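Peer 1: Okay, so here is protein-v4.pdb, and as you'll see once you scroll down, it has PDB, C-alpha atoms and all ligand atoms.
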```pdb
MODEL        1
ATOM      1  CA  MET V 797      12.166  85.954 -19.047  1.00  0.00           C
ATOM      2  CA  ILE V 798      15.418  84.330 -17.955  1.00  0.00           C
ATOM      3  CA  GLU V 799      15.693  86.997 -15.246  1.00  0.00           C
ATOM      4  CA  LYS V 800      12.693  85.368 -13.554  1.00  0.00           C
ATOM      5  CA  PHE V 801      14.656  82.157 -13.072  1.00  0.00           C
ATOM      6  CA  ALA V 802      17.596  84.106 -11.607  1.00  0.00           C
ATOM      7  CA  HIS V 803      15.228  85.903  -9.219  1.00  0.00           C
ATOM      8  CA  MET V 804      13.710  82.581  -8.174  1.00  0.00           C
ATOM      9  CA  LEU V 805      17.166  81.153  -7.471  1.00  0.00           C
ATOM     10  CA  MET V 806      17.974  84.181  -5.293  1.00  0.00           C
ATOM     11  CA  ALA V 807      14.743  83.772  -3.349  1.00  0.00           C
ATOM     12  CA  ALA V 808      15.255  80.016  -3.052  1.00  0.00           C
ATOM     13  CA  ALA V 809      18.789  80.542  -1.722  1.00  0.00           C
ATOM     14  CA  ASN V 810      17.389  82.814   0.985  1.00  0.00           C
ATOM     15  CA  ASP V 811      14.848  80.133   1.866  1.00  0.00           C
ATOM     16  CA  ALA V 812      17.661  77.601   2.259  1.00  0.00           C
ATOM     17  CA  LYS V 813      19.492  80.083   4.492  1.00  0.00           C
ATOM     18  CA  THR V 814      16.368  80.460   6.619  1.00  0.00           C
ATOM     19  CA  ILE V 815      16.036  76.681   7.027  1.00  0.00           C
ATOM     20  CA  HIS V 816      19.770  76.543   7.841  1.00  0.00           C
ATOM     21  CA  LEU V 817      19.323  79.121  10.605  1.00  0.00           C
ATOM     22  CA  TYR V 818      16.101  77.664  12.018  1.00  0.00           C
ATOM     23  CA  ALA V 819      17.138  73.989  12.016  1.00  0.00           C
ATOM     24  CA  GLN V 820      16.172  72.340  15.261  1.00  0.00           C
ATOM     25  CA  GLY V 821      16.014  69.002  17.008  1.00  0.00           C
ATOM     26  CA  ASP V 822      18.272  66.004  17.423  1.00  0.00           C
ATOM     27  CA  LYS V 823      19.276  66.163  13.726  1.00  0.00           C
ATOM     28  CA  PHE V 824      20.093  69.864  13.920  1.00  0.00           C
ATOM     29  CA  ASP V 825      23.617  69.410  12.607  1.00  0.00           C
ATOM     30  CA  ARG V 826      22.519  67.398   9.553  1.00  0.00           C
ATOM     31  CA  LEU V 827      19.774  69.809   8.494  1.00  0.00           C
ATOM     32  CA  HIS V 828      21.926  72.847   9.303  1.00  0.00           C
ATOM     33  CA  GLN V 829      24.717  71.461   7.096  1.00  0.00           C
ATOM     34  CA  ILE V 830      22.459  70.305   4.240  1.00  0.00           C
ATOM     35  CA  ALA V 831      20.525  73.589   4.056  1.00  0.00           C
ATOM     36  CA  GLY V 832      23.771  75.549   4.329  1.00  0.00           C
ATOM     37  CA  ASP V 833      25.289  73.610   1.424  1.00  0.00           C
ATOM     38  CA  ILE V 834      22.143  74.151  -0.650  1.00  0.00           C
ATOM     39  CA  TYR V 835      22.280  77.873   0.136  1.00  0.00           C
ATOM     40  CA  ASP V 836      25.834  77.965  -1.232  1.00  0.00           C
ATOM     41  CA  THR V 837      24.855  76.028  -4.359  1.00  0.00           C
ATOM     42  CA  LEU V 838      21.749  78.104  -5.110  1.00  0.00           C
ATOM     43  CA  SER V 839      23.643  81.354  -4.507  1.00  0.00           C
ATOM     44  CA  GLU V 840      26.212  80.366  -7.123  1.00  0.00           C
ATOM     45  CA  ASP V 841      23.443  79.250  -9.480  1.00  0.00           C
ATOM     46  CA  ALA V 842      21.658  82.587  -8.966  1.00  0.00           C
ATOM     47  CA  ASP V 843      24.848  84.459  -9.807  1.00  0.00           C
ATOM     48  CA  LEU V 844      25.329  82.429 -12.995  1.00  0.00           C
ATOM     49  CA  PHE V 845      21.791  83.016 -14.261  1.00  0.00           C
ATOM     50  CA  ALA V 846      21.781  86.677 -13.189  1.00  0.00           C
ATOM     51  CA  GLU V 847      24.901  87.223 -15.291  1.00  0.00           C
ATOM     52  CA  ILE V 848      23.339  85.326 -18.216  1.00  0.00           C
ATOM     53  CA  ALA V 849      20.231  87.528 -17.895  1.00  0.00           C
ATOM     54  CA  MET V 850      22.294  90.717 -17.837  1.00  0.00           C
ATOM     55  CA  GLU V 851      24.217  89.442 -20.857  1.00  0.00           C
ATOM     56  CA  VAL V 852      21.020  89.176 -22.916  1.00  0.00           C
ATOM     57  CA  GLY V 853      19.665  92.515 -21.665  1.00  0.00           C
ATOM     58  CA  ALA V 854      17.164  91.154 -19.136  1.00  0.00           C
ATOM     59  CA  PRO V 855      17.454  93.400 -16.070  1.00  0.00           C
ATOM     60  CA  ILE V 856      18.038  91.872 -12.630  1.00  0.00           C
ATOM     61  CA  VAL V 857      16.453  93.566  -9.625  1.00  0.00           C
ATOM     62  CA  ASN V 858      18.264  94.213  -6.367  1.00  0.00           C
ATOM     63  CA  PRO V 859      18.466  90.701  -4.865  1.00  0.00           C
ATOM     64  CA  SER V 860      16.789  92.059  -1.721  1.00  0.00           C
ATOM     65  CA  VAL V 861      13.518  92.284  -3.658  1.00  0.00           C
ATOM     66  CA  ALA V 862      14.009  89.246  -5.905  1.00  0.00           C
ATOM     67  CA  ALA V 863      11.225  87.244  -4.220  1.00  0.00           C
ATOM     68  CA  VAL V 864       8.703  90.034  -4.851  1.00  0.00           C
ATOM     69  CA  ALA V 865       9.839  90.397  -8.471  1.00  0.00           C
ATOM     70  CA  CYS V 866       9.081  86.745  -9.239  1.00  0.00           C
ATOM     71  CA  ASN V 867       6.105  86.232  -6.886  1.00  0.00           C
ATOM     72  CA  TRP V 868       8.023  83.757  -4.742  1.00  0.00           C
ATOM     73  CA  GLN V 869       6.394  82.916  -1.425  1.00  0.00           C
ATOM     74  CA  PRO V 870       9.291  82.784   1.065  1.00  0.00           C
ATOM     75  CA  VAL V 871       9.397  80.055   3.691  1.00  0.00           C
ATOM     76  CA  ASP V 872       8.390  81.154   7.167  1.00  0.00           C
ATOM     77  CA  PRO V 873      11.105  81.698   9.766  1.00  0.00           C
ATOM     78  CA  VAL V 874       9.855  78.951  12.057  1.00  0.00           C
ATOM     79  CA  ASN V 875      11.757  76.116  13.688  1.00  0.00           C
ATOM     80  CA  TYR V 876      12.522  73.312  11.230  1.00  0.00           C
ATOM     81  CA  LEU V 877      12.759  69.773  12.465  1.00  0.00           C
ATOM     82  CA  TYR V 878      14.786  67.586  10.112  1.00  0.00           C
ATOM     83  CA  SER V 879      12.024  66.033   7.970  1.00  0.00           C
ATOM     84  CA  MET V 880      10.103  69.316   7.821  1.00  0.00           C
ATOM     85  CA  GLY V 881      13.215  71.108   6.588  1.00  0.00           C
ATOM     86  CA  ILE V 882      13.961  68.418   3.991  1.00  0.00           C
ATOM     87  CA  GLN V 883      10.371  68.567   2.742  1.00  0.00           C
ATOM     88  CA  ALA V 884      10.613  72.341   2.406  1.00  0.00           C
ATOM     89  CA  LEU V 885      13.833  71.953   0.413  1.00  0.00           C
ATOM     90  CA  ILE V 886      12.140  69.374  -1.834  1.00  0.00           C
ATOM     91  CA  GLN V 887       9.302  71.815  -2.545  1.00  0.00           C
ATOM     92  CA  ILE V 888      11.825  74.515  -3.375  1.00  0.00           C
ATOM     93  CA  TYR V 889      13.665  72.268  -5.835  1.00  0.00           C
ATOM     94  CA  ASN V 890      10.420  71.108  -7.438  1.00  0.00           C
ATOM     95  CA  ALA V 891       9.345  74.718  -8.050  1.00  0.00           C
ATOM     96  CA  LEU V 892      12.737  75.647  -9.496  1.00  0.00           C
ATOM     97  CA  ILE V 893      12.927  72.599 -11.783  1.00  0.00           C
ATOM     98  CA  GLN V 894       9.413  73.224 -13.097  1.00  0.00           C
ATOM     99  CA  GLU V 895      10.356  76.810 -13.934  1.00  0.00           C
ATOM    100  CA  ALA V 896      13.641  75.741 -15.541  1.00  0.00           C
ATOM    101  CA  TYR V 897      11.771  73.453 -17.959  1.00  0.00           C
ATOM    102  CA  GLN V 898       9.415  76.300 -18.892  1.00  0.00           C
ATOM    103  CA  MET V 899      12.376  78.638 -19.380  1.00  0.00           C
ATOM    104  CA  ASN V 900      13.966  76.106 -21.685  1.00  0.00           C
ATOM    105  CA  ASP V 901      10.964  76.320 -24.016  1.00  0.00           C
ATOM    106  CA  LEU V 902      11.200  80.122 -24.126  1.00  0.00           C
ATOM    107  CA  TYR V 903      14.699  80.117 -25.633  1.00  0.00           C
ATOM    108  CA  PRO V 904      14.528  77.560 -28.460  1.00  0.00           C
ATOM    109  CA  SER V 905      17.289  79.225 -30.490  1.00  0.00           C
ATOM    110  CA  ASP V 906      19.699  80.351 -27.749  1.00  0.00           C
ATOM    111  CA  LEU V 907      22.101  77.456 -27.295  1.00  0.00           C
ATOM    112  CA  GLY V 908      23.991  79.181 -24.463  1.00  0.00           C
ATOM    113  CA  ILE V 909      20.863  79.552 -22.341  1.00  0.00           C
ATOM    114  CA  GLN V 910      19.629  76.098 -23.344  1.00  0.00           C
ATOM    115  CA  ASN V 911      22.915  74.530 -22.255  1.00  0.00           C
ATOM    116  CA  ALA V 912      23.017  76.434 -18.973  1.00  0.00           C
ATOM    117  CA  LEU V 913      19.452  75.391 -18.180  1.00  0.00           C
ATOM    118  CA  GLN V 914      20.010  71.765 -19.171  1.00  0.00           C
ATOM    119  CA  ASP V 915      23.130  71.606 -17.036  1.00  0.00           C
ATOM    120  CA  TRP V 916      21.312  73.180 -14.092  1.00  0.00           C
ATOM    121  CA  ILE V 917      18.310  70.834 -14.474  1.00  0.00           C
ATOM    122  CA  GLN V 918      20.601  67.799 -14.497  1.00  0.00           C
ATOM    123  CA  ARG V 919      22.353  68.893 -11.300  1.00  0.00           C
ATOM    124  CA  ALA V 920      19.082  69.869  -9.617  1.00  0.00           C
ATOM    125  CA  GLN V 921      17.378  66.590 -10.500  1.00  0.00           C
ATOM    126  CA  LYS V 922      20.261  64.691  -8.938  1.00  0.00           C
ATOM    127  CA  GLU V 923      20.081  66.826  -5.816  1.00  0.00           C
ATOM    128  CA  LEU V 924      16.318  66.251  -5.630  1.00  0.00           C
ATOM    129  CA  ARG V 925      15.881  62.620  -6.697  1.00  0.00           C
ATOM    130  CA  TYR V 926      19.086  61.121  -5.391  1.00  0.00           C
ATOM    131  CA  LYS V 927      19.904  63.149  -2.300  1.00  0.00           C
ATOM    132  CA  LEU V 928      16.860  64.984  -0.907  1.00  0.00           C
ATOM    133  CA  MET V 929      14.341  62.185  -1.498  1.00  0.00           C
ATOM    134  CA  ARG V 930      16.593  59.640   0.247  1.00  0.00           C
ATOM    135  CA  ARG V 931      16.909  61.878   3.270  1.00  0.00           C
ATOM    136  CA  LEU V 932      13.241  61.593   4.188  1.00  0.00           C
TER     137      LEU V 932
HETATM  138 FE    FE N   1      25.676  79.442   8.860  1.00  0.00          FE
ENDMDL
END
```
What would the structure in this file look like if it were written as structure tokens?
Peer 2:
Amino acid sequence: MIEKFAHMLMAAANDAKTIHLYAQGDKFDRLHQIAGDIYDTLSEDADLFAEIAMEVGAPIVNPSVAAVACNWQPVDPVNYLYSMGIQALIQIYNALIQEAYQMNDLYPSDLGIQNALQDWIQRAQKELRYKLMRRL
């Protein structure tokens, strides 16, 4: 269960890395930096939830196949103009937040997981609603 969220974070981090690498246009530096920062954040988040999953006996796959394990459709390695890249990052955050809320309902009696998810949701909502949405 919780391993699915960790796998999604791994796949999402790789998507952010792809957007980082394929940024293009006159706002290259802004998108390259933003997507790079999000890659760093999601990678740390993936590590946290992977360790939580392992702690509760939910096996984590090799991160190289994380996207397949959770049916994540990776972004295409195509050139990303600024607004296209930001929109892709918004979609990624929306998918992750939706899953995090569902995960929350699956662990009604595990306060550690509940707290980790609530904390992640709060940070992700700020990233999405305050930062990403204002960048469009
Ligand atoms: Fe880089």
Peer 1: Step by step, work through what the PyMOL selection byres (((chain V and resi 878-892) around 8) and not hetatm) selects in the shown file, and finish by giving those residues as a PyMOL selection string.
Peer 2: chain V and resi 801+804-805+808+812+815+819-821+823-824+826-827+831+871+876-877+893-896+920+924+928-929+931-932
Peer 1: CA of Pro855 in chain V to CA of Ile834 in chain V: how many Å, to one decimal?
Peer 2: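 Result for CA of Pro855 in chain V versus CA of Ile834 in chain V: 25.1 Å, one decimal.
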Peer 1: Within 9 Å of range 844-853 of chain V, counting only C-alpha atoms, which residues qualify if same-chain residues fewer than 2 places away don't, as a list in words?
Peer 2: Met797, Ile798, Glu799, Lys800, Phe801, Ala802, His803, Leu805, Ser839, Glu840, Asp841, Ala842, Pro855, Ile856, Gly908, Ile909, Ala912 and Leu913 of chain V
Peer 1: Can I get the selection written as an mmCIF file, in the frame of the given file, with C-alpha atoms?
Peer 2:
```cif
data_model
loop_
_atom_site.group_PDB
_atom_site.id
_atom_site.type_symbol
_atom_site.label_atom_id
_atom_site.label_comp_id
_atom_site.auth_asym_id
_atom_site.auth_seq_id
_atom_site.Cartn_x
_atom_site.Cartn_y
_atom_site.Cartn_z
ATOM 1 C CA MET V 797 12.166 85.954 -19.047
ATOM 2 C CA ILE V 798 15.418 84.330 -17.955
ATOM 3 C CA GLU V 799 15.693 86.997 -15.246
ATOM 4 C CA LYS V 800 12.693 85.368 -13.554
ATOM 5 C CA PHE V 801 14.656 82.157 -13.072
ATOM 6 C CA ALA V 802 17.596 84.106 -11.607
ATOM 7 C CA HIS V 803 15.228 85.903 -9.219
ATOM 8 C CA LEU V 805 17.166 81.153 -7.471
ATOM 9 C CA SER V 839 23.643 81.354 -4.507
ATOM 10 C CA GLU V 840 26.212 80.366 -7.123
ATOM 11 C CA ASP V 841 23.443 79.250 -9.480
ATOM 12 C CA ALA V 842 21.658 82.587 -8.966
ATOM 13 C CA PRO V 855 17.454 93.400 -16.070
ATOM 14 C CA ILE V 856 18.038 91.872 -12.630
ATOM 15 C CA GLY V 908 23.991 79.181 -24.463
ATOM 16 C CA ILE V 909 20.863 79.552 -22.341
ATOM 17 C CA ALA V 912 23.017 76.434 -18.973
ATOM 18 C CA LEU V 913 19.452 75.391 -18.180
#
```
Peer 1: To one decimal place, how far is CA of Lys813 in chain V from atom FE of ligand FE 1 (chain N) in Å?
Peer 2: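 These atoms are spaced 7.6 Å apart.
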Peer 1: Measuring between all atoms listed in the file, which one of V:Asp811, V:Asn911, V:Tyr818, V:Ile830 shows the shortest distance to Glu923 in chain V?
Peer 2: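 Among the listed residues, V:Ile830 lies closest to Glu923 in chain V.
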Peer 1: Please report, as a Markdown table, each residue of chain V lying at most 7 Å from ligand FE 1 (chain N), together with the nearest pair of atoms and the separation in Å rounded to one decimal; use all atoms listed in the file, and order rows by chain and ascending residue number.
Peer 2:
```
| residue | atom | partner | partner_atom | distance |
| --- | --- | --- | --- | --- |
| V:His816 | CA | N:FE1 | FE | 6.7 |
| V:Leu817 | CA | N:FE1 | FE | 6.6 |
| V:Gly832 | CA | N:FE1 | FE | 6.3 |
```
Peer 1: Can you work out the spacing between CA of Asn875 in chain V and CA of His828 in chain V in Å, to one decimal?
Peer 2: 11.5 Å
Peer 1: Of the candidates V:Val874, V:Ala862, V:Ala854, V:Leu907, which shows the shortest atom-to-atom distance to Ala809 in chain V, using all atoms listed in the file?
Peer 2: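 Between V:Val874, V:Ala862, V:Ala854, V:Leu907, the residue approaching Ala809 in chain V most closely is V:Ala862.
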Peer 1: Could you check which of V:Tyr835, V:Gln918, V:Gln910, V:Met806 is closest to Val861 in chain V, using only C-alpha atoms?
Peer 2: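 Closest to Val861 in chain V of all the choices is V:Met806.
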Peer 1: Go through V:Asp906, V:Gln829, V:Ala807, V:Gln914 and flag the residue nearest Cys866 in chain V, using all atoms listed in the file for the distances.
Peer 2: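 Counting all atoms listed in the file, the residue closest to Cys866 in chain V is V:Ala807.
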Peer 1: Can you report as lines of an AutoDock Vina configuration file the centre and edge lengths in Å, to one decimal, of an axis-aligned box around the listed atoms of range 887-903 of chain V padded with 6 Å on each side?
Peer 2:
```
center_x = 12.0
center_y = 75.6
center_z = -14.1
size_x = 17.4
size_y = 21.0
size_z = 35.1
```
Peer 1: Would you output chain V from that structure, restricted to C-alpha atoms, as an mmCIF file, in the first residue's frame?
Peer 2:
```cif
data_model
loop_
_atom_site.group_PDB
_atom_site.id
_atom_site.type_symbol
_atom_site.label_atom_id
_atom_site.label_comp_id
_atom_site.auth_asym_id
_atom_site.auth_seq_id
_atom_site.Cartn_x
_atom_site.Cartn_y
_atom_site.Cartn_z
ATOM 1 C CA MET V 797 0.000 0.000 0.000
ATOM 2 C CA ILE V 798 2.323 2.746 1.211
ATOM 3 C CA GLU V 799 4.991 1.344 -1.122
ATOM 4 C CA LYS V 800 2.844 2.529 -4.039
ATOM 5 C CA PHE V 801 3.213 6.130 -2.902
ATOM 6 C CA ALA V 802 6.997 5.706 -2.596
ATOM 7 C CA HIS V 803 7.126 4.228 -6.108
ATOM 8 C CA MET V 804 5.072 7.134 -7.441
ATOM 9 C CA LEU V 805 7.442 9.632 -5.822
ATOM 10 C CA MET V 806 10.410 7.877 -7.459
ATOM 11 C CA ALA V 807 8.729 7.985 -10.858
ATOM 12 C CA ALA V 808 7.670 11.602 -10.353
ATOM 13 C CA ALA V 809 11.236 12.579 -9.424
ATOM 14 C CA ASN V 810 12.460 11.057 -12.685
ATOM 15 C CA ASP V 811 9.819 13.042 -14.558
ATOM 16 C CA ALA V 812 11.080 16.244 -12.934
ATOM 17 C CA LYS V 813 14.621 15.287 -13.955
ATOM 18 C CA THR V 814 13.445 14.782 -17.531
ATOM 19 C CA ILE V 815 11.788 18.219 -17.606
ATOM 20 C CA HIS V 816 14.972 19.674 -16.067
ATOM 21 C CA LEU V 817 17.080 18.166 -18.854
ATOM 22 C CA TYR V 818 14.700 19.038 -21.695
ATOM 23 C CA ALA V 819 13.930 22.630 -20.655
ATOM 24 C CA GLN V 820 14.084 24.932 -23.631
ATOM 25 C CA GLY V 821 13.404 28.474 -24.733
ATOM 26 C CA ASP V 822 14.055 31.944 -23.396
ATOM 27 C CA LYS V 823 13.075 30.839 -19.858
ATOM 28 C CA PHE V 824 15.362 27.813 -19.974
ATOM 29 C CA ASP V 825 17.211 28.775 -16.811
ATOM 30 C CA ARG V 826 14.024 29.240 -14.759
ATOM 31 C CA LEU V 827 12.438 25.941 -15.793
ATOM 32 C CA HIS V 828 15.762 24.096 -15.547
ATOM 33 C CA GLN V 829 16.219 25.385 -11.982
ATOM 34 C CA ILE V 830 12.609 24.820 -10.867
ATOM 35 C CA ALA V 831 12.439 21.263 -12.235
ATOM 36 C CA GLY V 832 15.877 20.515 -10.794
ATOM 37 C CA ASP V 833 14.787 21.704 -7.344
ATOM 38 C CA ILE V 834 11.605 19.628 -7.575
ATOM 39 C CA TYR V 835 13.672 16.590 -8.567
ATOM 40 C CA ASP V 836 15.748 17.053 -5.407
ATOM 41 C CA THR V 837 12.648 17.460 -3.235
ATOM 42 C CA LEU V 838 10.796 14.463 -4.687
ATOM 43 C CA SER V 839 13.913 12.285 -4.452
ATOM 44 C CA GLU V 840 14.168 13.016 -0.734
ATOM 45 C CA ASP V 841 10.431 12.439 -0.323
ATOM 46 C CA ALA V 842 10.740 9.111 -2.171
ATOM 47 C CA ASP V 843 13.551 8.049 0.144
ATOM 48 C CA LEU V 844 11.494 8.933 3.227
ATOM 49 C CA PHE V 845 8.428 6.977 2.112
ATOM 50 C CA ALA V 846 10.499 4.049 0.811
ATOM 51 C CA GLU V 847 12.077 3.733 4.256
ATOM 52 C CA ILE V 848 8.649 4.007 5.920
ATOM 53 C CA ALA V 849 7.374 1.259 3.590
ATOM 54 C CA MET V 850 10.327 -1.001 4.369
ATOM 55 C CA GLU V 851 9.771 -0.331 8.068
ATOM 56 C CA VAL V 852 6.215 -1.692 7.892
ATOM 57 C CA GLY V 853 7.212 -4.651 5.700
ATOM 58 C CA ALA V 854 5.969 -3.284 2.370
ATOM 59 C CA PRO V 855 8.645 -4.183 -0.191
ATOM 60 C CA ILE V 856 10.127 -1.486 -2.435
ATOM 61 C CA VAL V 857 11.111 -2.441 -5.974
ATOM 62 C CA ASN V 858 14.361 -1.410 -7.613
ATOM 63 C CA PRO V 859 13.761 2.306 -8.288
ATOM 64 C CA SER V 860 14.600 1.673 -11.953
ATOM 65 C CA VAL V 861 11.255 -0.108 -12.330
ATOM 66 C CA ALA V 862 9.240 2.001 -9.878
ATOM 67 C CA ALA V 863 7.095 3.578 -12.619
ATOM 68 C CA VAL V 864 6.049 0.147 -13.912
ATOM 69 C CA ALA V 865 5.296 -1.079 -10.383
ATOM 70 C CA CYS V 866 2.792 1.726 -9.776
ATOM 71 C CA ASN V 867 1.461 2.138 -13.342
ATOM 72 C CA TRP V 868 2.922 5.627 -13.654
ATOM 73 C CA GLN V 869 2.950 7.039 -17.170
ATOM 74 C CA PRO V 870 6.320 8.818 -17.467
ATOM 75 C CA VAL V 871 6.529 12.184 -19.194
ATOM 76 C CA ASP V 872 7.933 12.085 -22.705
ATOM 77 C CA PRO V 873 11.504 13.243 -23.276
ATOM 78 C CA VAL V 874 10.509 16.128 -25.520
ATOM 79 C CA ASN V 875 11.553 19.762 -25.387
ATOM 80 C CA TYR V 876 9.742 21.666 -22.634
ATOM 81 C CA LEU V 877 9.026 25.327 -23.070
ATOM 82 C CA TYR V 878 8.489 27.071 -19.739
ATOM 83 C CA SER V 879 4.677 26.960 -19.444
ATOM 84 C CA MET V 880 4.534 23.419 -20.832
ATOM 85 C CA GLY V 881 7.061 22.275 -18.238
ATOM 86 C CA ILE V 882 5.214 24.025 -15.398
ATOM 87 C CA GLN V 883 1.932 22.453 -16.505
ATOM 88 C CA ALA V 884 3.553 19.020 -16.540
ATOM 89 C CA LEU V 885 4.864 19.607 -13.014
ATOM 90 C CA ILE V 886 1.380 20.686 -11.891
ATOM 91 C CA GLN V 887 -0.095 17.450 -13.262
ATOM 92 C CA ILE V 888 2.566 15.461 -11.443
ATOM 93 C CA TYR V 889 1.809 17.169 -8.128
ATOM 94 C CA ASN V 890 -1.940 16.751 -8.594
ATOM 95 C CA ALA V 891 -1.527 13.000 -9.156
ATOM 96 C CA LEU V 892 0.742 12.637 -6.125
ATOM 97 C CA ILE V 893 -1.528 14.656 -3.816
ATOM 98 C CA GLN V 894 -4.583 12.657 -4.882
ATOM 99 C CA GLU V 895 -2.753 9.422 -4.084
ATOM 100 C CA ALA V 896 -1.492 10.769 -0.751
ATOM 101 C CA TYR V 897 -5.071 11.478 0.374
ATOM 102 C CA GLN V 898 -6.115 7.941 -0.587
ATOM 103 C CA MET V 899 -3.106 6.515 1.255
ATOM 104 C CA ASN V 900 -4.100 8.461 4.335
ATOM 105 C CA ASP V 901 -7.437 6.632 4.432
ATOM 106 C CA LEU V 902 -5.699 3.249 4.209
ATOM 107 C CA TYR V 903 -3.774 3.736 7.461
ATOM 108 C CA PRO V 904 -6.374 5.029 9.936
ATOM 109 C CA SER V 905 -4.560 3.631 12.980
ATOM 110 C CA ASP V 906 -0.904 4.227 12.049
ATOM 111 C CA LEU V 907 -0.080 7.659 13.427
ATOM 112 C CA GLY V 908 3.479 7.601 12.049
ATOM 113 C CA ILE V 909 2.294 7.098 8.475
ATOM 114 C CA GLN V 910 -0.604 9.511 8.971
ATOM 115 C CA ASN V 911 1.768 12.217 10.196
ATOM 116 C CA ALA V 912 4.261 11.643 7.393
ATOM 117 C CA LEU V 913 1.492 11.839 4.801
ATOM 118 C CA GLN V 914 -0.107 14.917 6.351
ATOM 119 C CA ASP V 915 3.248 16.664 6.473
ATOM 120 C CA TRP V 916 3.973 15.730 2.859
ATOM 121 C CA ILE V 917 0.504 16.857 1.694
ATOM 122 C CA GLN V 918 0.951 20.222 3.407
ATOM 123 C CA ARG V 919 4.315 20.815 1.729
ATOM 124 C CA ALA V 920 3.063 19.580 -1.646
ATOM 125 C CA GLN V 921 -0.059 21.744 -1.542
ATOM 126 C CA LYS V 922 2.097 24.792 -0.892
ATOM 127 C CA GLU V 923 4.395 23.878 -3.758
ATOM 128 C CA LEU V 924 1.376 23.391 -6.034
ATOM 129 C CA ARG V 925 -1.020 26.167 -5.002
ATOM 130 C CA TYR V 926 1.425 28.861 -4.006
ATOM 131 C CA LYS V 927 4.423 28.315 -6.253
ATOM 132 C CA LEU V 928 3.566 26.276 -9.365
ATOM 133 C CA MET V 929 0.170 27.876 -10.027
ATOM 134 C CA ARG V 930 1.661 31.387 -9.817
ATOM 135 C CA ARG V 931 4.332 30.488 -12.326
ATOM 136 C CA LEU V 932 1.868 30.015 -15.169
#
```
